[in-house]
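A.B. asks: Okay, here's the structure, questions in a sec.
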Amino acid sequence: MELNSIGLIAAMSTFVGVWFGHVAVRKMESISPTLWLPITAFAITGIALEWISLTTSHFSLSIVTGILGFTFLWDALEFTRQQNRIKNGHAPANPNNPRHARLLHEYPPATTLDLLKRDPLGKPVSHREAIKLITEH
Amino acid sequence: MNFFALTLGIATLLMIGLGFVWVIRGERYFGYLWWPYVMSFGILMILVSLFISSIWVSALMGVFGASLVWGSTELKEQAVRAEMGWYPFNARKILPPFASLIEKWKAPHL
């Protein structure tokens with residue numbers, strides 16, 4: 001019986017695309033002084049990948065670029081969502097980034113702490129407790 | 001022009017979007033300790049896709065399997081978010097078999 005590798009190729013493209021996007025959006029949003037630059041770069045990359053996907057005659061390459069292209073386009077939208085997480089204190093702000101320094105000043109919930117960096121306790125945790133859990137670790 | 005991959009890309013986007021929903025709801029009602037089961041089911045789907053001759057079914061199984069594997073690594077953080085009140089917290093979760101054993105393992109997060 002011949003194995004069909006399309007599912008595996010699609011799975012790996014999806015996983016790598018989501019993983020890369022997850023890490024890259026956090027990192028680039030954290031260090032970039034403007035949002036429009038990474039948003040534009042990701043949107044152009046996404047469109048370019050979709051164009052390759054449409055025009056290539058290589059079937060596997062078409063699948064990889066077709067999936068990666070859409071994850072890049074999704075990531076382009078994620079930059080503003082990530083900035084909103086910073087404003088709400090749901091992701092750590094980078095005080096060395098002038099844009100984040102401004103957010104830290106303008107939005108009281110914004111923090112430099114990563115409040116998600118702990119194991120679950122199985123019970124509701126107050127904001128003060130959450131800070132204690134990550135700082136006294 | 002080959003529109004198969006473009007359509008598959010759109011389907012992938014929808015499945016990733018669906019991932020946001022099931023990770024939030026799944027953690028709320030079942031808890032993050034289901035992660036090894038979710039991850040295993042995702043890997044199984046990818047392996048089964050190798051034996052499916054239809055390109056559409058195989059590709060969609062692969063994408064869905066990968067989104068399950070990814071989602072399984074997100075459950076722990078989602079549990080922390082719910083504990084802090086960023087999402088509704090439910091204390092009465094339906095725990096998985098061997099929950100006390102899984103609790104001792106380090107839940108993956110990428």
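The way I read the labels, and the way they are meant: chains A, B, ... in the order of the structure tokens, residue 1 as the first residue of every chain, and ligand 1 as the first ligand shown, with later ones counted on from there.
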Kindly determine which residues of chain A lie within 9 Å of chain B, considering only C-alpha atoms, and give the answer as a PyMOL selection string.

C.D. replies: chain A and resi 1-15+18-19+22-23+50+53-57+59+62-71+74+90+115-127+130

A.B. asks: Applying 12 Å and only C-alpha atoms, which residues near stretch 96-102 of chain B remain after dropping the ones on its own chain fewer than 4 positions away? List them as JSON, numbers by chain.

C.D. replies: {"B": [26, 27, 29, 30, 31, 32, 33, 34, 35, 36, 37, 38, 106, 107, 108]}

A.B. asks: Counting only C-alpha atoms, what is within 12 Å of A:Thr112, bar same-chain residues fewer than 3 positions away, as a ChimeraX atom specification?

C.D. replies: /A:30,85-97,100-101,103-105,108-109,115-116,131,134-135

A.B. asks: As JSON, numbers by chain, please: all residues of chain A that backbone DSSP puts in helix (DSSP H, G or I).

C.D. replies: {"A": [6, 7, 8, 9, 10, 11, 12, 13, 14, 15, 16, 17, 18, 19, 20, 21, 22, 23, 24, 25, 26, 27, 28, 29, 30, 31, 36, 37, 38, 39, 40, 41, 42, 43, 44, 45, 46, 47, 48, 49, 50, 51, 52, 53, 54, 55, 59, 60, 61, 62, 63, 64, 65, 66, 67, 68, 69, 70, 71, 72, 73, 74, 75, 76, 77, 78, 79, 80, 81, 82, 83, 84, 85, 86, 87, 88, 98, 99, 100, 101, 102, 103, 104, 105, 106, 127, 128, 129, 130, 131, 132, 133, 134, 135]}

A.B. asks: Quick check, in Å to one decimal: how far apart do atom CA of A:Glu29 and atom CA of A:Arg81 lie?

C.D. replies: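 Distance between the two atoms: 10.1 Å.
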
A.B. asks: Just the residues within 8 Å of stretch 41-45 of chain A, please, counting only C-alpha atoms, with nothing from its chain fewer than 4 positions along; format it as a VMD selection string.

C.D. replies: chain A and resid 37 49 69 72 to 73 75 to 76

A.B. asks: Neighbouring residues of A:Thr34 were defined as those with any atom within 12 Å, considering only C-alpha atoms; residues of the same chain fewer than 5 positions away were excluded. Please report them as a list of chain:residue names.

C.D. replies: A:Met28, A:Glu29, A:Ile39, A:Thr40, A:Phe79, A:Thr80, A:Gln83, A:Asn97, A:Pro98, A:Arg99, A:His100
